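Dropping run37.cif in here (mmCIF, C-alpha atoms and all ligand atoms):
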```
data_model
loop_
_atom_site.label_atom_id
_atom_site.label_comp_id
_atom_site.auth_asym_id
_atom_site.auth_seq_id
_atom_site.Cartn_x
_atom_site.Cartn_y
_atom_site.Cartn_z
CA MET O 1 -19.04 -8.22 8.57
CA ASN O 2 -19.03 -4.47 7.78
CA LYS O 3 -20.49 -4.94 4.31
CA ASN O 4 -23.13 -2.28 4.93
CA ASP O 5 -20.39 0.34 5.23
CA PHE O 6 -19.64 -0.09 1.52
CA PRO O 7 -22.12 1.40 -0.99
CA PHE O 8 -20.62 -0.77 -3.74
CA PHE O 9 -22.45 -3.79 -2.35
CA LYS O 10 -25.85 -2.12 -1.93
CA ASP O 11 -27.43 -2.97 -5.25
CA ASN O 12 -25.62 -6.01 -6.44
CA GLU O 13 -24.93 -9.63 -5.64
CA LEU O 14 -21.28 -9.50 -6.62
CA ILE O 15 -18.65 -11.39 -4.71
CA TYR O 16 -15.53 -9.27 -4.81
CA LEU O 17 -12.33 -11.24 -4.21
CA ASP O 18 -9.83 -8.98 -5.99
CA ASN O 19 -8.85 -6.84 -3.02
CA ALA O 20 -5.12 -7.16 -3.60
CA ALA O 21 -5.70 -5.20 -6.81
CA THR O 22 -7.88 -2.57 -5.14
CA SER O 23 -10.41 -2.62 -2.32
CA GLN O 24 -13.92 -1.16 -2.22
CA LYS O 25 -14.39 2.17 -0.38
CA PRO O 26 -16.58 2.77 2.66
CA GLN O 27 -19.25 5.48 2.43
CA ILE O 28 -17.41 7.67 4.98
CA VAL O 29 -14.39 7.92 2.65
CA LEU O 30 -16.61 8.97 -0.27
CA ASP O 31 -18.47 11.44 1.99
CA ALA O 32 -15.24 13.12 3.12
CA MET O 33 -14.10 13.57 -0.48
CA ASN O 34 -17.52 14.79 -1.52
CA GLU O 35 -17.56 17.30 1.32
CA TYR O 36 -14.26 18.76 0.13
CA TYR O 37 -15.56 19.09 -3.44
CA THR O 38 -18.91 20.53 -2.44
CA SER O 39 -18.05 22.82 0.44
CA TYR O 40 -14.39 23.88 0.52
CA CYS O 41 -12.86 22.94 -2.83
CA SER O 42 -9.77 25.09 -3.36
CA ASN O 43 -6.05 24.63 -3.79
CA THR O 44 -3.62 24.05 -0.90
CA HIS O 45 -0.49 25.91 0.25
CA ARG O 46 -1.31 28.97 -1.89
CA GLY O 47 -2.64 32.38 -0.95
CA SER O 48 -4.44 33.19 2.20
CA HIS O 49 -8.17 32.93 1.61
CA GLU O 50 -10.27 31.03 4.06
CA LEU O 51 -11.18 28.11 1.82
CA GLY O 52 -7.59 27.59 0.77
CA ASN O 53 -6.58 27.54 4.42
CA LYS O 54 -9.26 24.99 5.21
CA ALA O 55 -8.14 22.75 2.32
CA THR O 56 -4.49 23.08 3.39
CA GLU O 57 -5.40 22.20 6.96
CA ALA O 58 -7.34 19.11 5.85
CA TYR O 59 -4.51 18.00 3.55
CA GLU O 60 -1.87 18.47 6.25
CA ASP O 61 -4.11 16.74 8.77
CA ALA O 62 -4.08 13.73 6.45
CA ARG O 63 -0.28 13.77 6.54
CA LYS O 64 -0.38 13.89 10.35
CA SER O 65 -2.77 10.94 10.53
CA LEU O 66 -0.69 8.92 8.14
CA ALA O 67 2.46 9.64 10.15
CA LYS O 68 0.70 8.52 13.31
CA PHE O 69 -0.63 5.40 11.61
CA LEU O 70 2.91 4.39 10.62
CA GLY O 71 4.67 5.56 13.79
CA ALA O 72 6.56 8.25 11.85
CA GLN O 73 7.12 12.00 12.25
CA THR O 74 4.81 14.18 10.15
CA ASN O 75 7.70 15.62 8.11
CA GLU O 76 8.78 12.11 7.12
CA ILE O 77 5.69 11.51 4.95
CA ILE O 78 5.66 12.42 1.25
CA PHE O 79 2.40 12.09 -0.63
CA THR O 80 2.70 10.42 -4.04
CA ARG O 81 0.24 8.90 -6.49
CA GLY O 82 0.89 5.53 -4.89
CA THR O 83 3.53 2.88 -4.33
CA THR O 84 4.72 2.95 -7.94
CA GLU O 85 5.42 6.67 -7.86
CA ALA O 86 7.02 6.41 -4.41
CA ILE O 87 9.54 3.84 -5.69
CA ASN O 88 10.23 5.81 -8.86
CA LEU O 89 10.79 8.94 -6.76
CA LEU O 90 13.26 7.14 -4.55
CA ALA O 91 15.09 5.52 -7.46
CA SER O 92 15.65 8.82 -9.18
CA SER O 93 16.11 11.15 -6.18
CA TYR O 94 18.15 8.97 -3.88
CA VAL O 95 19.33 5.60 -5.15
CA LYS O 96 20.68 6.65 -8.54
CA GLY O 97 24.09 8.19 -7.97
CA ASN O 98 24.43 6.92 -4.39
CA PHE O 99 24.26 3.15 -4.93
CA GLU O 100 25.50 0.77 -7.60
CA THR O 101 23.47 -2.28 -6.68
CA VAL O 102 19.85 -2.87 -5.74
CA ILE O 103 18.99 -6.14 -4.01
CA LEU O 104 15.48 -7.48 -4.70
CA SER O 105 13.64 -10.70 -3.97
CA GLU O 106 12.16 -13.00 -6.58
CA LEU O 107 8.69 -12.12 -5.32
CA GLU O 108 8.74 -8.47 -6.34
CA HIS O 109 5.97 -6.66 -8.20
CA HIS O 110 7.04 -5.00 -11.47
CA SER O 111 6.77 -1.65 -9.65
CA ASN O 112 9.75 -2.74 -7.57
CA ILE O 113 11.82 -3.88 -10.56
CA LEU O 114 11.32 -1.39 -13.39
CA PRO O 115 12.24 1.83 -11.53
CA TRP O 116 15.69 0.37 -10.82
CA GLN O 117 16.15 -0.78 -14.42
CA LEU O 118 15.05 2.58 -15.78
CA ASN O 119 17.69 4.24 -13.59
CA ASP O 120 20.44 1.88 -14.82
CA LEU O 121 21.02 0.26 -11.46
CA HIS O 122 22.58 -3.17 -11.20
CA ILE O 123 20.11 -5.71 -9.74
CA GLU O 124 20.97 -8.70 -7.55
CA VAL O 125 18.20 -11.14 -6.66
CA ILE O 126 17.52 -13.11 -3.48
CA GLU O 127 16.06 -16.47 -4.40
CA VAL O 128 13.10 -17.93 -2.55
CA ASP O 129 12.76 -21.59 -1.50
CA LYS O 130 10.13 -24.12 -2.62
CA ASP O 131 7.55 -22.50 -0.32
CA LEU O 132 8.46 -19.04 -1.65
CA ASN O 133 10.17 -18.01 1.59
CA ILE O 134 13.36 -15.98 1.64
CA ASP O 135 16.20 -17.98 3.13
CA LEU O 136 17.73 -15.55 5.64
CA GLU O 137 21.15 -17.21 5.55
CA ALA O 138 21.37 -17.01 1.75
CA TYR O 139 20.17 -13.42 1.99
CA GLU O 140 22.92 -12.54 4.44
CA VAL O 141 25.54 -14.08 2.14
CA LEU O 142 24.25 -11.96 -0.76
CA VAL O 143 24.16 -8.74 1.28
CA LYS O 144 27.63 -9.44 2.66
CA GLU O 145 28.93 -9.82 -0.90
CA HIS O 146 27.31 -6.49 -1.80
CA PRO O 147 27.74 -4.13 1.16
CA HIS O 148 26.55 -0.49 0.78
CA SER O 149 23.78 -1.62 -1.56
CA PHE O 150 20.14 -0.62 -1.64
CA VAL O 151 17.75 -3.38 -0.54
CA SER O 152 14.15 -3.17 -1.76
CA ILE O 153 11.74 -5.90 -0.74
CA THR O 154 8.01 -6.35 -0.58
CA HIS O 155 6.37 -6.62 2.82
CA ILE O 156 3.68 -8.99 1.47
CA SER O 157 3.82 -10.65 -1.94
CA ASN O 158 0.84 -9.55 -4.01
CA ALA O 159 0.94 -12.74 -6.06
CA PHE O 160 1.14 -15.31 -3.24
CA GLY O 161 0.43 -13.49 0.02
CA ILE O 162 3.80 -14.45 1.57
CA ILE O 163 4.70 -12.13 4.47
CA ASN O 164 8.44 -11.51 4.37
CA PRO O 165 10.39 -11.35 7.65
CA ILE O 166 11.12 -7.68 7.09
CA LYS O 167 12.43 -6.85 10.56
CA GLU O 168 15.20 -9.47 10.20
CA LEU O 169 15.86 -8.45 6.58
CA ILE O 170 16.28 -4.81 7.61
CA LYS O 171 18.57 -5.69 10.53
CA ILE O 172 20.84 -7.80 8.34
CA ALA O 173 20.92 -5.11 5.62
CA HIS O 174 21.95 -2.45 8.14
CA LYS O 175 24.76 -4.69 9.42
CA TYR O 176 26.35 -4.33 5.97
CA GLU O 177 25.68 -0.58 5.62
CA CYS O 178 22.78 -1.04 3.19
CA LYS O 179 19.67 1.13 3.13
CA VAL O 180 16.25 -0.49 2.89
CA LEU O 181 12.93 0.22 1.21
CA ILE O 182 9.94 -1.94 2.05
CA ASP O 183 7.16 -2.06 -0.53
CA GLY O 184 4.12 -1.94 1.74
CA ALA O 185 1.43 -1.86 -0.96
CA GLN O 186 -0.20 -5.06 0.29
CA ALA O 187 0.38 -4.54 4.01
CA LEU O 188 -1.42 -1.34 4.99
CA ALA O 189 -4.89 -2.93 5.10
CA HIS O 190 -3.77 -6.08 6.87
CA PHE O 191 -1.71 -5.26 9.91
CA PRO O 192 -0.23 -2.48 12.00
CA ILE O 193 3.04 -1.01 10.79
CA ASP O 194 5.55 0.77 12.99
CA VAL O 195 8.39 2.19 10.91
CA LYS O 196 10.40 3.17 14.00
CA ASP O 197 10.21 -0.29 15.50
CA LEU O 198 11.14 -1.80 12.11
CA ASP O 199 13.97 0.75 11.81
CA VAL O 200 13.20 0.82 8.08
CA ASP O 201 14.71 3.63 6.00
CA PHE O 202 11.86 3.91 3.48
CA TYR O 203 8.35 2.46 3.30
CA ALA O 204 6.07 2.85 0.25
CA PHE O 205 2.28 2.42 0.16
CA SER O 206 -0.97 3.05 -1.74
CA ALA O 207 -4.32 4.12 -0.28
CA HIS O 208 -6.53 2.31 -2.75
CA LYS O 209 -5.64 -1.15 -1.46
CA ALA O 210 -6.59 -0.06 2.05
CA TYR O 211 -10.18 1.21 1.61
CA GLY O 212 -8.94 4.60 0.40
CA PRO O 213 -9.19 6.36 -2.97
CA THR O 214 -7.02 5.76 -6.03
CA GLY O 215 -4.42 8.36 -7.00
CA ILE O 216 -2.86 8.75 -3.55
CA GLY O 217 -0.23 6.94 -1.53
CA GLY O 218 3.11 7.85 -0.22
CA LEU O 219 6.61 7.29 0.94
CA PHE O 220 7.86 7.27 4.50
CA ALA O 221 11.54 8.23 4.71
CA LYS O 222 13.77 8.84 7.72
CA TYR O 223 14.11 12.60 7.91
CA GLU O 224 17.92 12.61 7.90
CA LEU O 225 17.81 10.81 4.54
CA LEU O 226 15.12 13.06 3.10
CA GLU O 227 17.16 16.14 3.92
CA ASN O 228 19.85 15.07 1.48
CA MET O 229 17.52 14.09 -1.33
CA ASN O 230 16.93 16.16 -4.46
CA PRO O 231 13.44 16.94 -5.74
CA TYR O 232 11.88 14.35 -8.01
CA GLN O 233 9.84 16.81 -10.07
CA GLY O 234 9.85 20.59 -10.33
CA GLY O 235 6.83 22.87 -10.25
CA GLY O 236 4.58 24.94 -8.04
CA SER O 237 4.49 24.69 -4.24
CA MET O 238 7.86 22.99 -3.75
CA ILE O 239 10.09 26.06 -4.07
CA ASP O 240 11.62 28.59 -1.73
CA GLU O 241 12.77 31.01 -4.42
CA VAL O 242 12.83 30.93 -8.21
CA SER O 243 14.75 32.98 -10.74
CA PHE O 244 15.93 32.22 -14.27
CA GLU O 245 19.43 31.69 -12.90
CA TYR O 246 18.72 29.34 -10.05
CA SER O 247 15.99 28.08 -7.74
CA THR O 248 15.92 26.90 -4.15
CA PHE O 249 13.54 24.41 -2.63
CA LEU O 250 11.43 24.02 0.45
CA ASP O 251 12.41 21.60 3.20
CA PRO O 252 11.13 18.03 3.00
CA PRO O 253 8.48 16.79 2.58
CA PHE O 254 7.21 19.76 0.54
CA ARG O 255 10.26 19.68 -1.74
CA PHE O 256 8.91 16.41 -3.14
CA GLU O 257 5.34 17.52 -3.80
CA ALA O 258 5.42 19.62 -6.98
CA GLY O 259 2.18 20.93 -8.45
CA THR O 260 -1.39 20.63 -7.28
CA GLN O 261 -1.74 17.56 -5.13
CA ALA O 262 -4.49 14.93 -4.89
CA ILE O 263 -6.28 16.93 -2.19
CA ALA O 264 -9.63 15.15 -2.03
CA GLU O 265 -7.80 11.83 -2.16
CA ALA O 266 -5.53 12.73 0.77
CA ILE O 267 -8.63 13.68 2.76
CA GLY O 268 -10.27 10.38 1.81
CA PHE O 269 -7.09 8.50 2.72
CA LYS O 270 -7.17 9.91 6.23
CA VAL O 271 -10.71 8.66 6.73
CA ALA O 272 -9.77 5.24 5.32
CA LEU O 273 -7.00 4.98 7.93
CA GLU O 274 -9.49 5.89 10.67
CA TYR O 275 -11.78 3.21 9.29
CA ILE O 276 -9.03 0.58 9.46
CA LYS O 277 -8.11 1.60 13.01
CA GLN O 278 -11.61 0.98 14.33
CA ILE O 279 -11.93 -2.51 12.78
CA LYS O 280 -11.77 -5.13 15.50
CA GLY O 281 -10.13 -8.52 14.89
CA LEU O 282 -8.70 -7.57 11.50
CA GLN O 283 -5.96 -10.19 11.50
CA LYS O 284 -8.18 -12.86 12.98
CA HIS O 285 -10.73 -12.30 10.22
CA ASP O 286 -7.95 -12.36 7.62
CA LYS O 287 -6.53 -15.63 8.91
CA SER O 288 -9.87 -17.35 9.29
CA LEU O 289 -10.82 -16.53 5.66
CA LEU O 290 -7.46 -17.71 4.35
CA ASP O 291 -7.57 -20.98 6.32
CA TYR O 292 -11.15 -21.57 5.26
CA ALA O 293 -10.41 -20.86 1.59
CA LYS O 294 -7.39 -23.14 1.62
CA ALA O 295 -9.31 -26.01 3.23
CA SER O 296 -12.21 -25.55 0.80
CA LEU O 297 -9.96 -25.36 -2.26
CA ARG O 298 -8.27 -28.63 -1.28
CA LYS O 299 -11.52 -30.44 -2.06
CA LEU O 300 -11.20 -29.47 -5.73
CA ASP O 301 -9.89 -32.07 -8.12
CA GLY O 302 -6.55 -31.05 -9.70
CA LEU O 303 -5.78 -28.18 -7.32
CA ILE O 304 -2.24 -26.82 -7.53
CA LEU O 305 -1.03 -24.63 -4.65
CA TYR O 306 2.38 -22.99 -4.77
CA THR O 307 3.27 -22.62 -1.12
CA GLN O 308 2.73 -24.33 2.21
CA ALA O 309 4.10 -21.28 4.04
CA LYS O 310 2.32 -20.32 7.26
CA ASN O 311 3.29 -16.65 7.12
CA VAL O 312 0.67 -15.65 4.56
CA SER O 313 -1.79 -12.79 4.49
CA GLY O 314 -4.57 -11.52 2.28
CA SER O 315 -4.25 -13.69 -0.82
CA ILE O 316 -4.25 -17.28 -1.99
CA SER O 317 -2.98 -18.23 -5.45
CA PHE O 318 -3.64 -21.51 -7.24
CA ASN O 319 -4.23 -23.28 -10.54
CA ILE O 320 -6.35 -26.20 -11.66
CA GLU O 321 -4.49 -28.91 -13.53
CA GLY O 322 -5.07 -28.88 -17.28
CA ILE O 323 -7.17 -25.68 -17.28
CA HIS O 324 -6.02 -22.19 -18.23
CA HIS O 325 -6.36 -19.70 -15.35
CA ASP O 326 -8.00 -17.09 -17.60
CA ASP O 327 -10.76 -19.52 -18.65
CA ILE O 328 -11.60 -20.02 -14.97
CA GLY O 329 -11.59 -16.24 -14.42
CA ILE O 330 -14.06 -15.68 -17.27
CA LEU O 331 -16.46 -18.39 -16.10
CA LEU O 332 -16.34 -17.12 -12.51
CA SER O 333 -17.03 -13.58 -13.66
CA LYS O 334 -20.12 -14.86 -15.47
CA GLN O 335 -21.25 -16.22 -12.09
CA ASN O 336 -20.74 -12.79 -10.46
CA ILE O 337 -17.46 -13.65 -8.79
CA MET O 338 -14.63 -11.22 -9.37
CA LEU O 339 -11.16 -12.55 -8.80
CA ARG O 340 -7.88 -12.01 -10.55
CA THR O 341 -6.15 -14.34 -12.98
CA GLY O 342 -2.80 -13.79 -14.68
CA HIS O 343 0.77 -12.97 -13.68
CA HIS O 344 -0.26 -10.31 -11.11
CA CYS O 345 2.59 -8.03 -12.29
CA ALA O 346 5.06 -10.52 -10.88
CA MET O 347 6.42 -12.20 -14.00
CA PRO O 348 9.82 -13.24 -12.60
CA ILE O 349 8.33 -15.50 -9.92
CA MET O 350 5.82 -16.91 -12.44
CA LYS O 351 8.71 -17.75 -14.76
CA LYS O 352 10.60 -19.44 -11.94
CA LEU O 353 7.53 -21.58 -11.21
CA GLY O 354 7.22 -22.37 -14.93
CA ILE O 355 3.71 -20.93 -15.21
CA LYS O 356 2.11 -18.01 -17.02
CA GLY O 357 -0.14 -17.08 -14.14
CA THR O 358 -2.46 -18.15 -11.35
CA ILE O 359 -5.99 -17.69 -10.07
CA ARG O 360 -5.85 -15.39 -7.03
CA MET O 361 -8.50 -14.89 -4.35
CA SER O 362 -7.71 -11.88 -2.20
CA PHE O 363 -9.69 -10.83 0.84
CA ALA O 364 -10.90 -7.74 2.64
CA ILE O 365 -12.83 -7.02 5.79
CA TYR O 366 -16.22 -7.39 4.05
CA ASN O 367 -15.61 -10.90 2.70
CA THR O 368 -17.26 -13.89 4.37
CA LYS O 369 -16.95 -17.67 4.54
CA GLU O 370 -20.32 -17.89 2.81
CA GLU O 371 -18.82 -16.01 -0.15
CA ILE O 372 -15.94 -18.48 -0.23
CA ASP O 373 -18.47 -21.34 -0.32
CA ARG O 374 -20.20 -19.70 -3.27
CA CYS O 375 -16.88 -19.16 -4.99
CA ILE O 376 -15.89 -22.82 -4.57
CA LYS O 377 -19.25 -23.91 -5.94
CA ALA O 378 -18.79 -21.66 -8.96
CA LEU O 379 -15.25 -22.96 -9.40
CA SER O 380 -16.46 -26.58 -9.39
CA ARG O 381 -19.01 -25.67 -12.02
CA ALA O 382 -16.39 -23.94 -14.17
CA ILE O 383 -14.05 -26.93 -13.85
CA ARG O 384 -16.83 -29.32 -14.91
CA MET O 385 -17.55 -27.17 -17.96
CA LEU O 386 -13.91 -26.86 -18.97
CA ARG O 387 -12.96 -30.52 -18.58
N1 LIG Q 1 3.82 -3.38 -5.02
C1 LIG Q 1 2.94 -4.34 -4.73
C2 LIG Q 1 3.37 -5.49 -3.86
C3 LIG Q 1 1.65 -4.26 -5.25
O1 LIG Q 1 0.77 -5.22 -4.97
C4 LIG Q 1 1.30 -3.16 -6.06
C5 LIG Q 1 -0.08 -3.05 -6.67
N2 LIG Q 1 -0.58 -4.23 -7.19
C6 LIG Q 1 2.24 -2.17 -6.29
C7 LIG Q 1 3.51 -2.32 -5.76
C8 LIG Q 1 1.93 -0.96 -7.09
O2 LIG Q 1 0.95 -0.21 -6.43
P1 LIG Q 1 0.22 0.99 -7.18
O3 LIG Q 1 -0.29 0.43 -8.48
O4 LIG Q 1 -0.88 1.38 -6.25
O5 LIG Q 1 1.22 2.05 -7.39
#
```
Would you give me this structure, written as structure tokens?
Ligand code: PMP
Amino acid sequence: MNKNDFPFFKDNELIYLDNAATSQKPQIVLDAMNEYYTSYCSNTHRGSHELGNKATEAYEDARKSLAKFLGAQTNEIIFTRGTTEAINLLASSYVKGNFETVILSELEHHSNILPWQLNDLHIEVIEVDKDLNIDLEAYEVLVKEHPHSFVSITHISNAFGIINPIKELIKIAHKYECKVLIDGAQALAHFPIDVKDLDVDFYAFSAHKAYGPTGIGGLFAKYELLENMNPYQGGGSMIDEVSFEYSTFLDPPFRFEAGTQAIAEAIGFKVALEYIKQIKGLQKHDKSLLDYAKASLRKLDGLILYTQAKNVSGSISFNIEGIHHDDIGILLSKQNIMLRTGHHCAMPIMKKLGIKGTIRMSFAIYNTKEEIDRCIKALSRAIRMLR
């Protein structure tokens, strides 16, 4: 399904199952970026020459598309280098100084832990149950004990694929005057997101996990919150007036985009979103691969799964009894199968489970059941060799 859209697969026999780390890019995304570099490469928001205007228009068009994709207003979208930068921006420009406590779940990626620590914020943690689900009642107790806090939770766990009940989490947080950031890094490629319907305050994302280029992503923020936020970095393009005595800044979102931006990447991101929008049966495909992989894995001797949760998307994590996950990863790579082994930048949940890491298969639109069959065959071979 759709594999021909991706030049990466043209001249190789690789099976790529590391999509939660980054996805491959369709030709149309590469073409759009190439067109910018070869026919209207110039800087944005500066001067008045024709090429600059064309680049600015394309860059701002990308912002418009992204806003539409998320159900936001155009001026509520800040471009960043990705999810990590979006969370760091928010920690330093909004949370530090306004909140004492940040509430996280045990499933968070390091990108949603370190920015709070680096800004000296107190962290409270919502525990997950044996299936790695957040217990909503326990969550409400924690939020009630810490009203006016900042809640920051992943939409989908990158390590285990768990989809968190974010609409309920947001509603409960608002009941106790908390603000909420959802880390959407793993969600963009997997299902539609409507920030207005979610009533989320902030939503962070990266293009490269959703068929777009690396080096671009962003932060959605409700405009009334953005208005009161200070710039994250200073530099060109974000100012109204500068003198040696004082400077004033542009309105959001431009206030948060200092310096030359990732122009080609923003243009590529727009095309990636268009690509996602035209995919039919995205979630059905996702679910059928996950169900198939789970059923196939169960045939392996010594399989360890970490969750029986039904609300899972994109990834499946496991181990094989008595074998180190990295050894499996190396032997699969030798058989042309690329999947991720390790802690997946989610050390706290690994520690809770008493493991150093897992083997993770993560899927995209171009993966097939036949590839899963080949992966299981290669896994059986690796297990035989390592036992
Ligand atoms: N959060 C989650 C849940 C992720 O999966 C990732 C990437 N693995 C990030 C944050 C960080 O994204 P990026 O590296 O694109 O900034």
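The interatomic distance for the pair atom CA of O:Leu107 and atom CA of O:Lys167 works out to 17.1 Å.
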Residues near O:Asn34, cut-off 9 Å, only C-alpha atoms, skip fewer than 5 positions along chain, as a PDB file with C-alpha atoms, in the coordinates of the input:
```
ATOM      1  CA  VAL O  29     -14.390   7.920   2.650  1.00  0.00           C
ATOM      2  CA  SER O  39     -18.050  22.820   0.440  1.00  0.00           C
ATOM      3  CA  ALA O 264      -9.630  15.150  -2.030  1.00  0.00           C
TER       4      ALA O 264
END
```
**Q.** Exercise: residues within 8 Å of coordinate (-12.6, -23.0, -5.6), counting only C-alpha atoms, as a PyMOL selection string
**A.** chain O and resi 293+296-297+300+372+375-380
Q: Give the residues close to ligand LIG 1 (chain Q), within 8 Å, counting all atoms listed in the file; write them as a PyMOL selection string.
A: chain O and resi 20-22+81-86+108-112+154-159+183-186+205-209+214-215+217+344-345
Q | Counting only C-alpha atoms, the option among O:Ala72, O:Ala58, O:Leu132, O:Ala258 closest to O:Met350 | A | O:Leu132
**Q.** Nearby residues, (5.0, 0.2, 9.4) file frame, 12 Å, all atoms listed in the file, as a PyMOL selection string
**A.** chain O and resi 66-72+155+166-167+181-205+219-221
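The spacing separating atom CA of O:Asp291 from atom CA of O:Gly161 amounts to 12.6 Å.
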(Q) Just want the 8 Å neighbourhood of O:Gly235, counted on all atoms listed in the file, with same-chain residues fewer than 3 positions away dropped. Output as a ChimeraX atom specification. (A) /O:238-239,258-259
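Reported to one decimal place, the separation of atom CA of O:Phe256 from atom CA of O:Phe79 is 8.2 Å.
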Selection near O:Tyr37, 12 Å with only C-alpha atoms, sequence-local residues under 6 positions removed, as a PDB file with C-alpha atoms, in the coordinates of the input:
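Result file is out-v4.pdb:
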```pdb
ATOM      1  CA  LEU O  30     -16.610   8.970  -0.270  1.00  0.00           C
ATOM      2  CA  ASP O  31     -18.470  11.440   1.990  1.00  0.00           C
ATOM      3  CA  ASN O  43      -6.050  24.630  -3.790  1.00  0.00           C
ATOM      4  CA  LEU O  51     -11.180  28.110   1.820  1.00  0.00           C
ATOM      5  CA  ALA O  55      -8.140  22.750   2.320  1.00  0.00           C
ATOM      6  CA  ALA O 262      -4.490  14.930  -4.890  1.00  0.00           C
ATOM      7  CA  ILE O 263      -6.280  16.930  -2.190  1.00  0.00           C
ATOM      8  CA  ALA O 264      -9.630  15.150  -2.030  1.00  0.00           C
ATOM      9  CA  GLU O 265      -7.800  11.830  -2.160  1.00  0.00           C
ATOM     10  CA  ILE O 267      -8.630  13.680   2.760  1.00  0.00           C
ATOM     11  CA  GLY O 268     -10.270  10.380   1.810  1.00  0.00           C
TER      12      GLY O 268
END
```
**Q.** Counting all atoms listed in the file, the option among O:Thr38, O:Asn133, O:Ser48, O:Ser93 closest to O:Ile349
**A.** O:Asn133
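Closest approach to O:Asn311 from the set O:Ala382, O:Ala295, O:Ile163, O:Val271 is made by O:Ile163, with distances taken over only C-alpha atoms.
Checking O:Val141, O:Ala272, O:Val151, O:Met385 one by one against O:Tyr211, counting all atoms listed in the file, you find the shortest gap at O:Ala272.
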Could you complete stretch 218-222 of chain O so that it carries all heavy atoms, and give it back as a CSV table (one decimal), keeping the file's coordinate frame?
```
chain,number,residue,atom,x,y,z
O,218,GLY,N,2.0,7.1,-0.7
O,218,GLY,CA,3.1,7.8,-0.2
O,218,GLY,C,4.4,7.1,0.0
O,218,GLY,O,4.5,5.9,-0.2
O,219,LEU,N,5.3,7.8,0.6
O,219,LEU,CA,6.6,7.3,0.9
O,219,LEU,C,7.0,7.8,2.3
O,219,LEU,O,7.0,9.0,2.5
O,219,LEU,CB,7.7,7.8,-0.1
O,219,LEU,CG,9.1,7.3,0.2
O,219,LEU,CD1,9.2,5.8,-0.1
O,219,LEU,CD2,10.1,8.1,-0.7
O,220,PHE,N,7.2,6.9,3.2
O,220,PHE,CA,7.9,7.3,4.5
O,220,PHE,C,9.4,7.2,4.3
O,220,PHE,O,9.9,6.3,3.6
O,220,PHE,CB,7.5,6.3,5.6
O,220,PHE,CG,8.6,6.3,6.7
O,220,PHE,CD1,8.6,7.3,7.7
O,220,PHE,CD2,9.6,5.3,6.7
O,220,PHE,CE1,9.6,7.3,8.6
O,220,PHE,CE2,10.6,5.3,7.7
O,220,PHE,CZ,10.6,6.3,8.6
O,221,ALA,N,10.1,8.3,4.8
O,221,ALA,CA,11.5,8.2,4.7
O,221,ALA,C,12.1,8.8,6.0
O,221,ALA,O,11.6,9.8,6.5
O,221,ALA,CB,12.0,9.0,3.5
O,222,LYS,N,13.1,8.2,6.5
O,222,LYS,CA,13.8,8.8,7.7
O,222,LYS,C,14.2,10.3,7.4
O,222,LYS,O,14.8,10.5,6.3
O,222,LYS,CB,15.0,8.0,8.1
O,222,LYS,CG,14.7,6.7,8.8
O,222,LYS,CD,16.0,6.0,9.2
O,222,LYS,CE,15.7,4.7,9.9
O,222,LYS,NZ,16.9,3.8,9.9
```
